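query-v5.csv (CSV, C-alpha atoms) appears below.
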chain,number,residue,atom,x,y,z
C,129,MET,CA,16.8,7.2,-8.7
C,130,ARG,CA,13.7,5.1,-8.5
C,131,VAL,CA,11.5,5.2,-5.5
C,132,ILE,CA,8.7,2.9,-4.0
C,133,ALA,CA,6.8,5.0,-1.5
C,134,LEU,CA,4.4,3.7,1.2
C,135,PRO,CA,1.9,6.2,2.7
C,136,VAL,CA,0.8,5.0,6.1
C,137,LYS,CA,-2.0,6.6,8.2
C,138,SER,CA,-1.7,7.4,11.9
C,139,LEU,CA,-2.1,4.2,13.9
C,140,ASP,CA,-5.0,5.9,15.7
C,141,GLU,CA,-6.9,6.2,12.4
C,142,ALA,CA,-5.8,3.2,10.5
C,143,LYS,CA,-8.2,0.4,9.4
C,144,SER,CA,-11.3,2.1,10.8
C,145,ARG,CA,-13.5,-0.3,8.7
C,146,LEU,CA,-12.3,-3.1,10.9
C,147,GLY,CA,-13.6,-1.4,14.0
C,148,SER,CA,-16.4,-3.9,14.4
C,149,VAL,CA,-14.0,-6.8,14.8
C,150,LEU,CA,-10.8,-5.3,16.2
C,151,THR,CA,-9.9,-3.0,19.1
C,152,PRO,CA,-7.9,0.2,18.4
C,153,PHE,CA,-4.8,-1.6,19.8
C,154,GLU,CA,-5.4,-4.5,17.5
C,155,ARG,CA,-5.9,-2.3,14.4
C,156,ALA,CA,-2.6,-0.6,15.2
C,157,ALA,CA,-0.8,-3.9,15.5
C,158,LEU,CA,-2.3,-5.1,12.3
C,159,THR,CA,-1.3,-2.0,10.5
C,160,LEU,CA,2.3,-2.4,11.6
C,161,ALA,CA,2.3,-6.0,10.7
C,162,MET,CA,1.1,-5.2,7.2
C,163,LEU,CA,3.8,-2.6,6.9
C,164,GLU,CA,6.4,-5.1,7.8
C,165,ASP,CA,5.2,-7.6,5.2
C,166,VAL,CA,5.1,-4.9,2.5
C,167,LEU,CA,8.6,-3.7,3.5
C,168,ASP,CA,9.8,-7.3,3.1
C,169,ALA,CA,8.8,-7.1,-0.6
C,170,THR,CA,9.8,-3.5,-1.4
C,171,LEU,CA,13.3,-3.7,0.2
C,172,ALA,CA,14.0,-6.9,-1.8
C,173,VAL,CA,13.4,-5.1,-5.1
C,174,SER,CA,16.8,-4.4,-6.7
C,175,GLY,CA,17.5,-0.8,-7.9
C,176,TRP,CA,14.6,0.9,-6.0
C,177,GLU,CA,14.7,2.9,-2.8
C,178,THR,CA,11.8,2.4,-0.3
C,179,TRP,CA,10.3,5.5,1.4
C,180,VAL,CA,7.7,5.5,4.1
C,181,ILE,CA,5.6,8.6,4.8
C,182,SER,CA,3.4,8.9,7.9
C,183,PRO,CA,2.4,11.3,10.7
C,184,ASP,CA,3.0,8.4,13.2
C,185,GLU,CA,6.3,8.2,15.0
C,186,ALA,CA,5.9,4.4,15.6
C,187,VAL,CA,5.4,3.8,11.9
C,188,LEU,CA,8.5,5.9,11.0
C,189,GLU,CA,10.6,4.1,13.5
C,190,VAL,CA,9.7,0.7,12.1
C,191,ALA,CA,10.5,2.0,8.6
C,192,SER,CA,13.8,3.4,9.7
C,193,VAL,CA,14.9,0.3,11.6
C,194,ARG,CA,14.1,-1.7,8.5
C,195,GLY,CA,16.3,0.5,6.3
C,196,ALA,CA,13.7,2.6,4.5
C,197,LEU,CA,13.8,6.4,4.3
C,198,SER,CA,11.3,7.8,6.8
C,199,LEU,CA,9.4,11.0,5.9
C,200,ALA,CA,7.3,12.8,8.5
C,201,GLU,CA,4.0,13.6,6.9
C,202,GLU,CA,3.5,17.4,6.8
C,203,ARG,CA,0.1,17.6,5.2
C,204,PRO,CA,-3.0,15.7,6.3
C,205,ALA,CA,-4.7,12.9,4.3
C,206,LEU,CA,-3.4,10.7,1.5
C,207,ALA,CA,-3.6,13.5,-1.1
C,208,GLY,CA,-1.3,15.7,1.0
C,209,ALA,CA,1.1,12.9,1.6
C,210,THR,CA,1.2,12.1,-2.1
C,211,ALA,CA,1.9,15.7,-3.0
C,212,GLN,CA,4.7,15.7,-0.5
C,213,LEU,CA,6.2,12.5,-1.9
C,214,GLU,CA,6.1,14.0,-5.4
C,215,GLU,CA,7.9,17.1,-4.3
C,216,GLU,CA,10.5,15.1,-2.4
C,217,ALA,CA,11.1,12.7,-5.4
C,218,LEU,CA,11.5,15.6,-7.8
C,219,SER,CA,13.9,17.5,-5.5
C,220,ARG,CA,16.1,14.4,-5.2
C,221,GLY,CA,16.1,13.8,-9.0
C,222,ALA,CA,14.0,10.6,-9.0
C,223,GLY,CA,13.0,9.5,-12.5
C,224,SER,CA,10.4,7.0,-11.3
C,225,LEU,CA,7.9,7.1,-8.4
C,226,ALA,CA,5.9,4.1,-7.4
C,227,ILE,CA,3.2,4.6,-4.7
C,228,LEU,CA,2.1,1.3,-3.2
C,229,LEU,CA,-0.6,1.2,-0.6
C,230,PRO,CA,0.7,-0.6,2.5
C,231,ASP,CA,-2.5,-2.6,3.2
C,232,THR,CA,-1.4,-5.1,0.6
C,233,PRO,CA,0.2,-7.7,2.9
C,234,LEU,CA,0.2,-10.5,0.3
C,235,VAL,CA,2.5,-8.6,-2.1
C,236,THR,CA,5.8,-10.3,-3.0
C,237,ALA,CA,9.0,-9.0,-4.3
C,238,ALA,CA,8.5,-11.1,-7.5
C,239,ALA,CA,5.1,-9.6,-8.2
C,240,LEU,CA,6.3,-6.1,-7.5
C,241,THR,CA,9.4,-6.6,-9.7
C,242,THR,CA,7.1,-7.7,-12.5
C,243,ALA,CA,5.0,-4.5,-12.2
C,244,LEU,CA,8.0,-2.2,-11.9
C,245,GLN,CA,9.8,-3.8,-14.9
C,246,THR,CA,6.7,-3.2,-17.1
C,247,LEU,CA,7.5,-0.6,-19.8
C,248,GLY,CA,5.6,2.7,-20.0
C,249,PRO,CA,5.2,6.1,-18.3
C,250,VAL,CA,2.2,4.9,-16.3
C,251,ILE,CA,1.7,1.5,-14.7
C,252,LEU,CA,-1.4,0.6,-12.6
C,253,ALA,CA,-2.2,-2.3,-10.4
C,254,PRO,CA,-6.0,-2.2,-9.7
C,255,SER,CA,-7.6,-3.4,-6.5
C,256,THR,CA,-9.6,-6.7,-6.6
C,257,ASP,CA,-12.9,-4.9,-7.5
C,258,ASP,CA,-11.2,-2.8,-10.3
C,259,SER,CA,-12.3,0.4,-8.5
C,260,GLY,CA,-9.3,1.4,-6.5
C,261,THR,CA,-5.5,1.6,-7.3
C,262,ASN,CA,-3.1,-0.4,-5.1
C,263,LEU,CA,0.0,0.5,-7.1
C,264,LEU,CA,0.7,3.6,-9.2
C,265,VAL,CA,4.0,3.9,-11.0
C,266,ARG,CA,4.8,7.2,-12.9
C,267,ARG,CA,7.8,8.0,-15.0
C,268,PRO,CA,8.5,10.9,-14.3
C,269,PRO,CA,6.8,11.3,-10.9
C,270,THR,CA,4.2,13.8,-11.9
C,271,VAL,CA,3.4,12.7,-15.4
C,272,ILE,CA,-0.3,12.4,-14.4
C,273,GLN,CA,-2.2,13.4,-11.3
C,274,ALA,CA,-2.5,10.7,-8.5
C,275,TRP,CA,-5.7,9.6,-6.9
C,276,PHE,CA,-6.4,6.9,-4.5
C,277,GLY,CA,-9.6,5.4,-3.2
C,278,ARG,CA,-12.9,4.5,-4.9
C,279,ASP,CA,-12.9,5.1,-8.7
C,280,SER,CA,-9.2,6.0,-8.7
C,281,PHE,CA,-8.4,3.3,-11.3
C,282,ARG,CA,-10.7,4.8,-13.8
C,283,ARG,CA,-9.5,8.3,-13.1
C,284,HIS,CA,-5.9,7.3,-13.7
C,285,LEU,CA,-6.8,5.6,-17.0
C,286,GLN,CA,-8.7,8.7,-18.0
C,287,ALA,CA,-5.9,11.1,-17.0
C,288,ALA,CA,-3.4,9.2,-19.0
C,289,ALA,CA,-5.7,9.0,-22.0
C,290,GLU,CA,-6.3,12.7,-22.0
C,291,VAL,CA,-2.6,13.4,-22.6
C,292,ALA,CA,-2.1,10.3,-24.9
C,293,LEU,CA,0.2,8.4,-22.5
C,294,PRO,CA,0.4,4.6,-22.8
C,295,THR,CA,-0.8,2.9,-19.6
C,296,ALA,CA,0.1,-0.6,-18.6
C,297,VAL,CA,-2.3,-2.5,-16.3
C,298,VAL,CA,-0.8,-5.2,-14.1
C,299,GLU,CA,-3.3,-7.7,-12.7
C,300,LEU,CA,-1.6,-9.9,-10.2
C,301,SER,CA,-3.4,-11.3,-7.1
C,302,GLU,CA,-0.5,-10.3,-4.9
C,303,LEU,CA,-1.0,-6.7,-5.8
C,304,SER,CA,-4.7,-6.6,-6.2
C,305,PHE,CA,-5.6,-7.8,-2.7
C,306,ASP,CA,-5.9,-5.2,0.0
C,307,LEU,CA,-7.0,-5.9,3.6
C,308,ASP,CA,-9.9,-3.5,4.3
C,309,ARG,CA,-12.9,-5.5,5.5
C,310,PRO,CA,-13.4,-8.3,8.1
C,311,ASP,CA,-13.7,-10.9,5.4
C,312,ASP,CA,-10.3,-10.0,4.0
C,313,ILE,CA,-8.8,-11.3,7.3
C,314,LEU,CA,-10.0,-14.8,6.3
C,315,THR,CA,-8.2,-14.4,3.0
C,316,VAL,CA,-5.0,-13.7,4.8
C,317,LEU,CA,-5.5,-16.6,7.2
C,318,LYS,CA,-5.9,-18.9,4.2
C,319,ALA,CA,-2.9,-17.6,2.3
C,320,ARG,CA,0.1,-19.9,1.8
C,321,ALA,CA,2.5,-17.0,2.5
C,322,ARG,CA,3.1,-16.9,6.3
C,323,GLY,CA,3.9,-13.3,6.9
C,324,ARG,CA,3.7,-11.1,9.9
C,325,THR,CA,0.1,-10.1,9.1
C,326,GLN,CA,-1.1,-13.7,9.2
C,327,GLU,CA,0.8,-14.3,12.4
C,328,VAL,CA,-0.9,-11.3,14.1
C,329,CYS,CA,-4.3,-12.5,12.9
C,330,ARG,CA,-3.6,-15.9,14.4
C,331,GLU,CA,-2.5,-14.4,17.6
C,332,PHE,CA,-5.8,-12.5,17.8
C,333,HIS,CA,-7.7,-15.7,17.1
C,334,MET,CA,-9.5,-14.0,14.2
C,335,ARG,CA,-10.9,-17.1,12.6
C,336,ALA,CA,-12.9,-18.1,15.7
C,337,ARG,CA,-13.9,-14.5,16.4
C,338,LEU,CA,-15.1,-14.0,12.8
C,339,ALA,CA,-17.0,-17.3,13.0
C,340,THR,CA,-18.7,-16.2,16.1
C,341,ARG,CA,-19.6,-12.9,14.6
C,342,ALA,CA,-21.1,-14.6,11.5
So, in terms of structure tokens, how does the structure I just supplied come out?
Amino acid sequence: MRVIALPVKSLDEAKSRLGSVLTPFERAALTLAMLEDVLDATLAVSGWETWVISPDEAVLEVASVRGALSLAEERPALAGATAQLEEEALSRGAGSLAILLPDTPLVTAAALTTALQTLGPVILAPSTDDSGTNLLVRRPPTVIQAWFGRDSFRRHLQAAAEVALPTAVVELSELSFDLDRPDDILTVLKARARGRTQEVCREFHMRARLATRA
């Protein structure tokens, strides 16, 4: 079994860095839109199951309707969710576990397939600034410890080096982009791919709102 897992925060807490330009309702809608776009990619990857873990019932319902396995988050924060995913993957006999952050709405099935078909026990797709990790693939699921957030890319490289594990780095724009700051919304609006995230940003008139803010 091979698993792509998407950890999603509670909608009440998601995308807090966008609080200056989006209302709580809009942040929740944007989070669900990004999840839909990422699910479009993961569910199209042959030979891999998609799991979604979240404390939010609305998120889990969307995942279930789309055909992903929904897991109710039992431990707070991303570290707890990651540990729960690892335990679940091992208990089900998964040989590979890919954790993809779901705020990557420009990801495509083709880019994801390229990363997942890369050989090696550890595969990393860094964020645009090479600080964070947007995709972590481990074979087996706990071959190194997982981190996410600032400096996680370096920590993953270091952890693999300490146990002499080869690490492949996949640098694709579809995987490196994450929507975290107001300016990132403009990147989505300019993207050629017309996903649900772009649609929601247009519905909220984000280009005009950001121009007024500037």
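Nearest residue to C:Ala274 among C:Gln286, C:Thr159, C:Thr232, C:Ser174 is C:Gln286, counting all atoms listed in the file.
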Practice problem: Measuring atom to atom with only C-alpha atoms, identify which of C:Ala209, C:Val298, C:Cys329, C:Leu314 is nearest to C:Ala133. | Solution: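 Among the listed residues, C:Ala209 lies closest to C:Ala133.
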Self-check item: Option closest in space to C:Thr295, from C:Arg309, C:Arg220, C:Arg322, C:Arg267 [counting only C-alpha atoms]
Solution: C:Arg267
Quiz prompt | Coordinates-based distance that separates atom CA of C:Gly277 from atom CA of C:His333 (Å, one decimal) | solution = 29.3 Å
Quiz item: So, counting all atoms listed in the file, which residue among C:Val136, C:Pro152, C:Leu158, C:Pro230 is closest to C:Glu331?
Solution: C:Leu158
Quiz item: Contacts of C:Glu185 at 9 Å or less, counting all atoms listed in the file, minus same-chain residues fewer than 4 places along, as a list in words?
Solution: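 Once the nearby chain positions are removed, what remains is Ser138, Glu189, Val190 and Ala200 of chain C.
Of the residues listed (C:Thr340, C:Ser198, C:Ser255, C:Thr178), C:Thr178 shows the shortest atom-to-atom separation from C:Arg130; distances use only C-alpha atoms.
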Exercise. Would you list the contacts of C:Ala288 as a count of residues only, taking every protein, DNA or RNA residue within 9 Å and counting all atoms listed in the file, but skipping same-chain residues closer than 3 positions in sequence?
Key: 12
Quiz prompt | Non-local contacts of C:Phe332 (10 Å; all atoms listed in the file; under 5 positions in same chain excluded) as a PyMOL selection string | solution = chain C and resi 150+154+158+326-327+337
Practice problem: Within 8 Å of (2.7, -3.8, 4.1) (coordinates as in the file), grab all the protein and nucleic acid residues, counting only C-alpha atoms, and write them out as an MDAnalysis selection string. | Solution: chainID C and resid 159:168 229:233 235
Exercise. Skip C:Gln212 itself and residues of its chain fewer than 3 positions away, then list as a list in words all residues within 12 Å of it, counting only C-alpha atoms.
Key: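 My reading of the contact set: Ala133, Pro135, Trp179, Val180, Ile181, Ser182, Leu199, Ala200, Glu201, Glu202, Arg203, Pro204, Ala205, Leu206, Ala207, Gly208, Ala209, Glu215, Glu216, Ala217, Leu218, Ser219, Ile227, Pro269, Thr270 and Ala274 of chain C.
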Quiz item: So how far away is atom CA of C:Arg145 from atom CA of C:Asp308, in Å?
Solution: 6.5 Å
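Atom CA of C:Lys143 is found 19.4 Å from atom CA of C:Pro254.
For the choices C:Thr242, C:Leu338, C:Ala196, C:Gly248, the atom-to-atom distance to C:Arg266 is smallest for C:Gly248 when using only C-alpha atoms.
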